[in-house]
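Shown next: data_15.cif, given as mmCIF, C-alpha atoms.
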data_run
loop_
_atom_site.label_atom_id
_atom_site.label_comp_id
_atom_site.auth_asym_id
_atom_site.auth_seq_id
_atom_site.Cartn_x
_atom_site.Cartn_y
_atom_site.Cartn_z
CA MET S 405 0.00 0.00 0.00
CA ALA S 406 2.84 2.37 0.86
CA ARG S 407 4.43 1.56 -2.51
CA ILE S 408 1.16 2.49 -4.27
CA HIS S 409 1.04 5.83 -2.46
CA GLN S 410 4.60 6.53 -3.56
CA LEU S 411 3.78 5.74 -7.18
CA LEU S 412 0.44 7.59 -7.07
CA PRO S 413 0.88 10.73 -4.95
CA ILE S 414 -2.88 11.23 -4.54
CA HIS S 415 -2.32 13.80 -1.78
CA ARG S 416 -0.65 16.01 -4.37
CA LEU S 417 -3.45 15.61 -6.88
CA PHE S 418 -6.17 16.18 -4.27
CA PRO S 419 -4.58 18.13 -1.41
CA ARG S 420 -6.55 18.34 1.80
CA THR S 421 -5.87 22.05 2.11
CA THR S 422 -6.67 24.11 -0.96
CA PRO S 423 -7.34 27.82 -1.45
CA PHE S 424 -11.03 26.98 -1.83
CA ALA S 425 -10.98 24.95 1.39
CA ARG S 426 -9.37 27.86 3.23
CA LEU S 427 -11.98 30.16 1.74
CA ARG S 428 -14.73 28.10 3.36
CA THR S 429 -13.45 28.85 6.84
CA GLY S 430 -14.06 32.60 6.53
CA ILE S 431 -16.64 34.86 4.99
CA GLY S 432 -16.43 32.84 1.79
CA GLY S 433 -18.00 29.88 3.55
CA GLU S 434 -20.70 32.11 4.98
CA MET S 435 -21.49 33.43 1.51
CA LEU S 436 -21.74 29.88 0.18
CA ALA S 437 -24.21 29.00 2.91
CA GLU S 438 -26.31 32.12 2.31
CA PHE S 439 -26.27 31.45 -1.42
CA PHE S 440 -27.43 27.86 -1.06
CA GLY S 441 -29.98 28.58 1.65
CA THR S 442 -31.54 31.33 -0.49
CA PHE S 443 -31.37 29.04 -3.51
CA VAL S 444 -33.42 26.43 -1.63
CA LEU S 445 -35.83 29.16 -0.51
CA LEU S 446 -36.56 30.21 -4.10
CA LEU S 447 -36.41 26.70 -5.49
CA LEU S 448 -39.34 25.69 -3.29
CA GLY S 449 -41.11 29.05 -3.00
CA ASP S 450 -41.17 29.97 -6.67
CA GLY S 451 -41.82 26.31 -7.41
CA SER S 452 -45.05 26.40 -5.41
CA VAL S 453 -46.20 29.49 -7.33
CA ALA S 454 -45.34 27.84 -10.66
CA LEU S 455 -47.36 24.79 -9.67
CA ALA S 456 -50.42 26.87 -8.76
CA VAL S 457 -50.24 29.17 -11.81
CA ALA S 458 -49.22 26.85 -14.65
CA GLY S 459 -48.39 23.38 -13.38
CA LEU S 460 -51.77 22.22 -12.14
CA PRO S 461 -53.90 23.55 -15.03
CA GLY S 462 -51.34 22.56 -17.63
CA SER S 463 -50.97 19.02 -16.31
CA GLY S 464 -54.65 18.19 -16.63
CA ARG S 465 -54.99 17.79 -12.88
CA GLN S 466 -56.93 21.04 -12.72
CA THR S 467 -58.73 22.98 -15.43
CA LEU S 468 -59.16 26.73 -15.48
CA SER S 469 -62.81 26.55 -16.59
CA VAL S 470 -64.21 23.39 -14.99
CA ALA S 471 -62.64 23.01 -11.58
CA PRO S 472 -60.55 26.03 -10.62
CA PHE S 473 -58.99 25.96 -7.19
CA GLY S 474 -59.80 29.61 -6.62
CA PRO S 475 -58.64 30.73 -3.15
CA ALA S 476 -57.09 27.30 -2.60
CA ASP S 477 -54.33 28.34 -4.99
CA TRP S 478 -53.36 30.97 -2.46
CA LEU S 479 -53.09 28.28 0.23
CA ILE S 480 -50.70 26.33 -2.00
CA ILE S 481 -48.56 29.43 -2.38
CA ALA S 482 -48.69 30.47 1.29
CA TRP S 483 -47.78 27.04 2.62
CA GLY S 484 -45.25 26.46 -0.14
CA TRP S 485 -43.37 29.59 0.87
CA ALA S 486 -43.68 28.66 4.55
CA PHE S 487 -41.95 25.32 4.03
CA ALA S 488 -39.47 26.93 1.65
CA VAL S 489 -38.35 29.29 4.42
CA THR S 490 -38.24 26.45 6.95
CA PHE S 491 -35.95 24.25 4.90
CA GLY S 492 -33.84 27.16 3.69
CA VAL S 493 -33.14 28.03 7.32
CA TYR S 494 -32.36 24.42 8.18
CA VAL S 495 -29.90 24.28 5.28
CA ALA S 496 -27.84 27.37 6.16
CA GLY S 497 -28.59 27.90 9.83
CA GLY S 498 -25.56 26.05 11.17
CA VAL S 499 -23.16 28.36 9.32
CA THR S 500 -24.70 31.84 9.36
CA GLY S 501 -27.93 31.56 11.28
CA ALA S 502 -29.61 31.62 7.85
CA HIS S 503 -30.39 35.27 7.14
CA LEU S 504 -31.48 34.52 3.54
CA ASN S 505 -32.91 38.03 3.47
CA PRO S 506 -31.12 41.39 3.17
CA ALA S 507 -33.67 42.91 5.57
CA ILE S 508 -32.67 40.36 8.24
CA THR S 509 -28.98 41.02 7.60
CA LEU S 510 -29.43 44.79 7.89
CA SER S 511 -31.46 44.53 11.09
CA MET S 512 -28.86 42.20 12.65
CA ALA S 513 -26.14 44.70 11.76
CA ALA S 514 -28.14 47.58 13.23
CA ARG S 515 -29.15 45.97 16.55
CA ARG S 516 -27.34 42.65 17.06
CA GLY S 517 -23.69 43.42 16.42
CA PHE S 518 -23.46 41.74 13.03
CA PRO S 519 -20.29 43.06 11.33
CA LEU S 520 -21.03 45.82 8.85
CA ARG S 521 -18.26 44.58 6.54
CA LYS S 522 -20.27 41.41 5.92
CA VAL S 523 -23.54 43.08 4.98
CA VAL S 524 -22.84 43.65 1.28
CA PRO S 525 -21.24 40.20 0.73
CA TYR S 526 -24.28 38.57 2.35
CA TRP S 527 -26.60 40.62 0.15
CA PHE S 528 -24.70 39.59 -2.96
CA ALA S 529 -24.85 35.90 -2.02
CA GLN S 530 -28.57 36.12 -1.26
CA VAL S 531 -29.45 37.81 -4.55
CA ALA S 532 -27.29 35.36 -6.50
CA GLY S 533 -28.92 32.40 -4.77
CA ALA S 534 -32.37 33.78 -5.50
CA PHE S 535 -31.49 34.32 -9.16
CA CYS S 536 -30.24 30.74 -9.53
CA GLY S 537 -33.26 29.36 -7.68
CA ALA S 538 -35.59 31.16 -10.08
CA ALA S 539 -33.58 29.88 -13.05
CA THR S 540 -33.93 26.30 -11.82
CA VAL S 541 -37.70 26.68 -11.37
CA TYR S 542 -37.94 28.01 -14.93
CA SER S 543 -35.94 25.07 -16.27
CA VAL S 544 -38.50 22.70 -14.73
CA TYR S 545 -41.68 24.64 -15.56
CA SER S 546 -40.81 26.34 -18.86
CA SER S 547 -43.15 24.05 -20.85
CA ALA S 548 -46.03 24.72 -18.45
CA ILE S 549 -45.34 28.47 -18.60
CA ASP S 550 -45.36 28.46 -22.39
CA TRP S 551 -48.57 26.39 -22.40
CA TYR S 552 -50.25 28.83 -20.05
CA ASN S 553 -49.28 31.85 -22.14
CA ALA S 554 -50.37 30.16 -25.37
CA THR S 555 -53.69 29.05 -23.88
CA SER S 556 -54.33 32.52 -22.50
CA HIS S 557 -53.22 34.14 -25.81
CA LEU S 558 -50.59 36.19 -24.04
CA SER S 559 -47.01 37.02 -24.89
CA ARG S 560 -44.47 36.96 -22.09
CA PRO S 561 -44.26 40.75 -21.76
CA ALA S 562 -48.04 40.82 -21.24
CA SER S 563 -48.39 37.77 -18.96
CA VAL S 564 -48.63 39.08 -15.42
CA SER S 565 -49.65 35.65 -14.11
CA THR S 566 -46.52 33.86 -15.29
CA PHE S 567 -44.37 36.83 -14.29
CA SER S 568 -45.77 36.45 -10.76
CA ILE S 569 -44.07 33.05 -10.55
CA PHE S 570 -40.81 34.93 -10.14
CA ALA S 571 -41.50 38.39 -8.72
CA THR S 572 -44.24 40.37 -7.05
CA PHE S 573 -46.64 43.07 -8.15
CA PRO S 574 -49.20 45.26 -6.31
CA ALA S 575 -52.95 44.79 -6.19
CA SER S 576 -55.05 46.81 -8.61
CA TYR S 577 -57.06 48.39 -5.78
CA PHE S 578 -54.09 50.66 -5.03
CA HIS S 579 -54.79 52.38 -8.39
CA GLY S 580 -51.14 53.02 -9.17
CA ALA S 581 -50.27 54.78 -5.89
CA TRP S 582 -46.99 53.52 -4.44
CA ALA S 583 -47.74 54.44 -0.79
CA GLY S 584 -50.08 51.50 -0.18
CA PRO S 585 -47.71 48.75 -1.40
CA PHE S 586 -44.77 50.45 0.29
CA VAL S 587 -46.53 50.54 3.66
CA ASP S 588 -47.57 46.92 3.13
CA GLN S 589 -43.94 45.89 2.65
CA VAL S 590 -42.79 47.87 5.68
CA VAL S 591 -45.47 46.34 7.92
CA GLY S 592 -45.05 42.80 6.60
CA THR S 593 -41.28 42.81 7.01
CA ALA S 594 -41.53 44.45 10.44
CA ILE S 595 -43.76 41.57 11.54
CA LEU S 596 -41.28 39.06 10.15
CA VAL S 597 -38.21 40.57 11.79
CA ALA S 598 -39.91 41.25 15.14
CA LEU S 599 -41.14 37.67 15.39
CA VAL S 600 -37.80 36.25 14.28
CA ALA S 601 -36.16 38.35 17.02
CA ALA S 602 -38.62 36.92 19.55
CA LEU S 603 -38.09 33.33 18.40
CA THR S 604 -34.29 33.64 18.62
CA ASP S 605 -34.10 35.58 21.90
CA ARG S 606 -33.00 33.10 24.57
CA ARG S 607 -34.03 35.50 27.31
CA ASN S 608 -37.58 35.18 26.02
CA GLN S 609 -39.53 31.98 25.39
CA ALA S 610 -37.29 30.84 22.55
CA PRO S 611 -38.28 27.41 21.18
CA LYS S 612 -36.21 24.38 22.10
CA ALA S 613 -35.16 21.24 20.21
CA ASN S 614 -34.20 23.09 17.02
CA VAL S 615 -37.78 23.87 15.94
CA ALA S 616 -37.16 27.60 15.43
CA PRO S 617 -36.88 27.22 11.61
CA LEU S 618 -40.31 25.58 11.50
CA LEU S 619 -41.81 28.42 13.51
CA VAL S 620 -40.14 31.03 11.28
CA GLY S 621 -41.82 29.28 8.37
CA LEU S 622 -45.15 29.58 10.16
CA VAL S 623 -44.47 33.31 10.58
CA VAL S 624 -44.11 33.62 6.80
CA ALA S 625 -47.29 31.59 6.32
CA VAL S 626 -49.36 33.85 8.55
CA ILE S 627 -47.98 36.99 6.87
CA GLY S 628 -48.99 35.56 3.50
CA LEU S 629 -52.43 34.60 4.75
CA ALA S 630 -53.01 37.97 6.42
CA TYR S 631 -51.37 40.48 4.05
CA GLY S 632 -50.22 38.60 0.95
CA THR S 633 -52.74 39.87 -1.58
CA ASN S 634 -51.70 43.50 -1.19
CA ALA S 635 -48.35 43.19 -2.94
CA GLY S 636 -47.40 39.51 -3.00
CA TYR S 637 -45.61 39.69 0.39
CA ALA S 638 -42.08 39.81 -0.93
CA ILE S 639 -40.80 40.91 2.55
CA ASN S 640 -37.34 40.04 1.24
CA PRO S 641 -35.41 42.17 -1.28
CA ALA S 642 -33.35 39.22 -2.55
CA ARG S 643 -36.42 37.04 -3.01
CA ASP S 644 -37.88 39.65 -5.39
CA PHE S 645 -34.86 41.31 -6.99
CA GLY S 646 -32.94 38.17 -8.03
CA PRO S 647 -35.91 36.47 -9.77
CA ARG S 648 -36.99 39.82 -11.19
CA MET S 649 -33.63 40.12 -12.96
CA PHE S 650 -34.04 36.59 -14.27
CA ALA S 651 -37.56 37.31 -15.54
CA TRP S 652 -36.31 40.46 -17.28
CA ALA S 653 -33.54 38.48 -18.96
CA LEU S 654 -36.00 35.78 -20.11
CA GLY S 655 -38.38 38.17 -21.85
CA TRP S 656 -40.93 39.49 -19.38
CA GLY S 657 -39.69 42.96 -20.24
CA LYS S 658 -41.24 45.97 -18.54
CA LEU S 659 -43.21 43.81 -16.13
CA ALA S 660 -39.86 43.10 -14.48
CA PHE S 661 -37.97 46.36 -15.10
CA PRO S 662 -38.97 49.03 -14.45
CA GLY S 663 -41.96 47.16 -13.07
CA ASP S 664 -44.87 48.47 -15.11
CA VAL S 665 -47.96 46.51 -14.07
CA GLY S 666 -51.38 47.95 -14.86
CA ALA S 667 -51.55 51.46 -13.47
CA PHE S 668 -48.18 51.11 -11.75
CA HIS S 669 -44.98 52.35 -13.27
CA GLY S 670 -41.50 51.75 -11.87
CA TYR S 671 -42.56 49.37 -9.11
CA TRP S 672 -39.27 47.43 -8.90
CA TRP S 673 -37.76 49.44 -6.02
CA ILE S 674 -40.66 49.05 -3.57
CA PRO S 675 -39.97 45.37 -2.70
CA ILE S 676 -36.40 46.45 -1.92
CA ALA S 677 -36.76 49.70 0.01
CA GLY S 678 -39.93 48.69 1.88
CA PRO S 679 -38.50 45.50 3.41
CA LEU S 680 -35.18 47.13 4.32
CA LEU S 681 -37.01 49.85 6.24
CA GLY S 682 -39.49 47.38 7.68
CA GLY S 683 -36.72 45.17 9.03
CA LEU S 684 -35.25 48.10 10.96
CA VAL S 685 -38.69 49.03 12.28
CA GLY S 686 -39.36 45.46 13.40
CA ILE S 687 -36.12 44.97 15.32
CA ILE S 688 -36.40 48.39 16.99
CA LEU S 689 -39.99 47.74 18.07
CA TYR S 690 -39.11 44.34 19.52
CA ASP S 691 -36.14 45.73 21.42
CA PHE S 692 -38.12 48.67 22.79
CA PHE S 693 -41.18 46.77 23.95
CA VAL S 694 -39.65 43.42 24.91
CA GLY S 695 -35.89 43.06 24.48
CA GLN S 696 -34.86 45.97 26.69
CA VAL S 697 -37.42 44.95 29.31
CA LEU S 698 -35.91 41.45 29.43
CA GLY S 699 -32.44 42.97 29.68
CA ALA S 700 -33.42 45.30 32.51
CA ARG S 701 -35.06 42.49 34.48
CA ALA S 702 -32.08 40.20 34.02
CA LYS S 703 -29.74 42.94 35.21
CA ALA S 704 -31.88 43.63 38.27
CA GLU S 705 -31.77 39.96 39.25
CA GLU S 706 -27.98 39.67 38.97
CA PRO S 707 -26.13 39.21 42.31
CA PRO S 708 -23.76 42.07 43.23
CA GLN S 709 -20.26 41.60 41.90
CA ALA S 710 -17.18 41.38 44.10
CA GLY S 711 -15.91 44.84 45.02
CA SER S 712 -19.15 46.59 44.06
CA VAL S 713 -20.65 49.16 46.39
CA CYS S 714 -23.96 48.08 47.86
CA THR S 715 -26.34 50.97 48.43
CA ASP S 716 -28.96 48.92 50.22
CA THR S 717 -29.06 49.07 54.04
CA PRO S 718 -27.44 45.89 55.37
CA PRO S 719 -29.54 43.68 57.63
CA ALA S 720 -29.11 44.11 61.37
CA VAL S 721 -26.54 41.77 62.87
CA PRO S 722 -27.90 39.75 65.78
CA ALA S 723 -26.50 40.81 69.15
CA GLN S 724 -23.63 38.67 70.36
CA PRO S 725 -22.66 38.04 73.98
CA GLY S 726 -21.03 41.18 75.31
CA PRO S 727 -17.24 41.20 75.04
CA THR S 728 -14.98 42.11 77.89
CA ALA S 729 -13.34 45.52 78.10
CA ARG S 730 -10.07 44.08 76.82
CA HIS S 731 -11.78 42.53 73.79
CA GLN S 732 -13.47 45.86 73.06
CA ALA S 733 -10.12 47.60 73.15
CA ARG S 734 -8.61 45.06 70.78
CA ALA S 735 -11.55 45.53 68.43
CA ARG S 736 -11.02 49.30 68.43
CA ASP S 737 -7.23 49.07 68.05
CA PRO S 738 -6.36 45.84 66.28
CA ALA S 739 -2.83 44.54 66.53
CA PRO S 740 -0.53 45.19 63.57
CA ALA S 741 -0.08 42.39 61.09
CA ASP S 742 3.70 42.26 61.81
CA PRO S 743 4.45 41.64 65.51
CA GLY S 744 7.76 43.44 65.24
CA GLN S 745 6.30 46.55 63.60
CA GLU S 746 5.93 48.50 66.89
CA LYS S 747 9.53 47.80 67.88
CA ARG S 748 10.87 48.93 64.49
CA SER S 749 8.77 52.12 64.66
#
Write-out of the structure in structure tokens:
Amino acid sequence: MARIHQLLPIHRLFPRTTPFARLRTGIGGEMLAEFFGTFVLLLLGDGSVALAVAGLPGSGRQTLSVAPFGPADWLIIAWGWAFAVTFGVYVAGGVTGAHLNPAITLSMAARRGFPLRKVVPYWFAQVAGAFCGAATVYSVYSSAIDWYNATSHLSRPASVSTFSIFATFPASYFHGAWAGPFVDQVVGTAILVALVAALTDRRNQAPKANVAPLLVGLVVAVIGLAYGTNAGYAINPARDFGPRMFAWALGWGKLAFPGDVGAFHGYWWIPIAGPLLGGLVGIILYDFFVGQVLGARAKAEEPPQAGSVCTDTPPAVPAQPGPTARHQARARDPAPADPGQEKRS
């Protein structure tokens, strides 16, 4: 065996320590985890939307005219995104805590000591992962998407439904005003970040047994069920911006950039700016109403440290049997530590 190793220096062909292996130990490894976690998020999230929009009707398992799912399609999407978040967090959580969302990364940098130098690299990895996740979904569902557009007599630049597989758009009842969708994104992301802060705060009732990712997924589900129809509950700039770039590159045109949908023009920036602001609002609200209260209570319950000055009145010492006059004198004038000190002085 030793002779074989001498003839075939495998350790030189496949060294254990390579530049790429060293890269994994630093921020490069964190970026890989954020990329892959966000990739899984979009792979399953956009996949659930593709199934509801084009997969089910195109497969013959549901017809648009005879047996439409109606509101049940929204349940497919809401729960699909919930499980997508859950498994994305499980994938990357051991490396980075699984931000998978620029709004989470920014809020952690603002209030949790996350290094500012890592913010932009994390954002880049998240957007790239989202772009690749959307590309993979398209590679699987491209035939169904084309069937849907052909059946509906729509070209890609005019097909809002198939565009919605990848990116979000606002509801028509906002009549082209950006304030409503923007507020929706701020509120939705604030809910997300505040509840994530609660679920990960060990001073609070943080979940045990590694179930936090499942509960974060349930947070996303309830946001989708409560607010999703307003603007598609992007609540994640990477989740919208990466697939939006892919959709633009694949021919959805102005629906993607600048985001002209119905009465709206230039919508693309709202799912970016709204969640970034909402994340800051959410973490600040949680800290003000709960986090700082928990911190103050924990500090009040701490025992005094050695050498600290106690301002409380000490308890009365029980009376001891009265000392003799000589003992009282010794107590008032204790003997020096060195017996020979008096003679030397």
Evaluate the PyMOL selection byres ((chain S and resi 631-644) around 6) and record the selected residues as a PyMOL selection string, following the chain and residue labels used in the document. chain S and resi 505+530-531+534+571-575+585+589+593+627-630+645-648+675-676+679
Report the closest atom pair, with its distance in Å rounded to one decimal, for each residue of segment 568-685 of chain S that has an atom no farther than 8 Å from segment 480-497 of chain S; count all atoms listed in the file, sort by chain and then rising residue number, and write it as CSV.
residue,atom,partner,partner_atom,distance
S:Pro617,CA,S:Thr490,CA,4.9
S:Leu618,CA,S:Thr490,CA,5.1
S:Leu619,CA,S:Thr490,CA,7.7
S:Val620,CA,S:Thr490,CA,6.6
S:Gly621,CA,S:Ala486,CA,4.3
S:Leu622,CA,S:Ala486,CA,5.9
S:Val623,CA,S:Ala486,CA,7.7
S:Val624,CA,S:Ala486,CA,5.5
S:Ala625,CA,S:Ala486,CA,5.0
S:Gly628,CA,S:Ala482,CA,5.6
S:Leu629,CA,S:Ala482,CA,6.6
What does the PyMOL selection byres ((chain S and resi 654) around 12) select in this file, as a list of chain:residue names? S:Phe535, S:Ala538, S:Ala539, S:Tyr542, S:Ser543, S:Ser546, S:Ile549, S:Arg560, S:Pro561, S:Thr566, S:Phe567, S:Phe570, S:Pro647, S:Arg648, S:Met649, S:Phe650, S:Ala651, S:Trp652, S:Ala653, S:Gly655, S:Trp656, S:Gly657, S:Lys658, S:Leu659, S:Ala660, S:Phe661
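Atom CA of Ile688 of chain S lies 12.5 Å from atom CA of Val600 of chain S.
Rounded to one decimal, atom CA of Phe668 of chain S and atom CA of Leu448 of chain S lie 28.2 Å from each other.
Residues near the point (-12.5, 29.5, -1.8), at a distance of 6 Å or less over all atoms listed in the file, make up Pro423, Phe424, Ala425, Leu427 and Arg428 of chain S.
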Contact residues around segment 511-515 of chain S with all atoms listed in the file at 7 Å, ignoring same-chain residues under 5 positions, as a ChimeraX atom specification: /S:520,683-684,687
Within 9 Å of Val685 of chain S, counting all atoms listed in the file, which residues show up once you throw out same-chain ones fewer than 4 positions away? Write them as an NGL selection string, please. :S and (511 or 590-591 or 593-594 or 597-598 or 680-681 or 689-690)
Pull C-alpha atoms from the residues just selected and write them as a tab-separated table (two decimals), in the coordinates of the input.
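Okay, this is what ended up in again-v2.tsv:
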chain	number	residue	atom	x	y	z
S	511	SER	CA	-31.46	44.53	11.09
S	590	VAL	CA	-42.79	47.87	5.68
S	591	VAL	CA	-45.47	46.34	7.92
S	593	THR	CA	-41.28	42.81	7.01
S	594	ALA	CA	-41.53	44.45	10.44
S	597	VAL	CA	-38.21	40.57	11.79
S	598	ALA	CA	-39.91	41.25	15.14
S	680	LEU	CA	-35.18	47.13	4.32
S	681	LEU	CA	-37.01	49.85	6.24
S	689	LEU	CA	-39.99	47.74	18.07
S	690	TYR	CA	-39.11	44.34	19.52
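For the atom pair formed by atom CA of Ala667 of chain S and atom CA of His579 of chain S, the distance is 6.1 Å, given to one decimal.
The residue set within 9 Å of Thr500 of chain S, counting all atoms listed in the file and dropping same-chain residues fewer than 4 places from it, reads Glu434, Met435, Ala437, Glu438 and Ala496 of chain S.
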Tell me, as number ranges by chain, which residues lie within 12 Å of Gly699 of chain S, counting all atoms listed in the file; anything in the same chain fewer than 6 positions away does not count. S: 605-608, 691-693, 705-706
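The shortest atom-to-atom distance to Val544 of chain S, with all atoms listed in the file taken into account, belongs to S:Ala454 out of S:Ala454, S:Ile508, S:Leu558, S:Ala583.
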Answer key for the PyMOL selection byres ((chain S and resi 460) around 12), residues as JSON, numbers by chain: {"S": [451, 452, 453, 454, 455, 456, 457, 458, 459, 461, 462, 463, 464, 465, 466, 467, 468, 471, 472, 473, 477, 480, 545, 548, 549, 551, 552]}
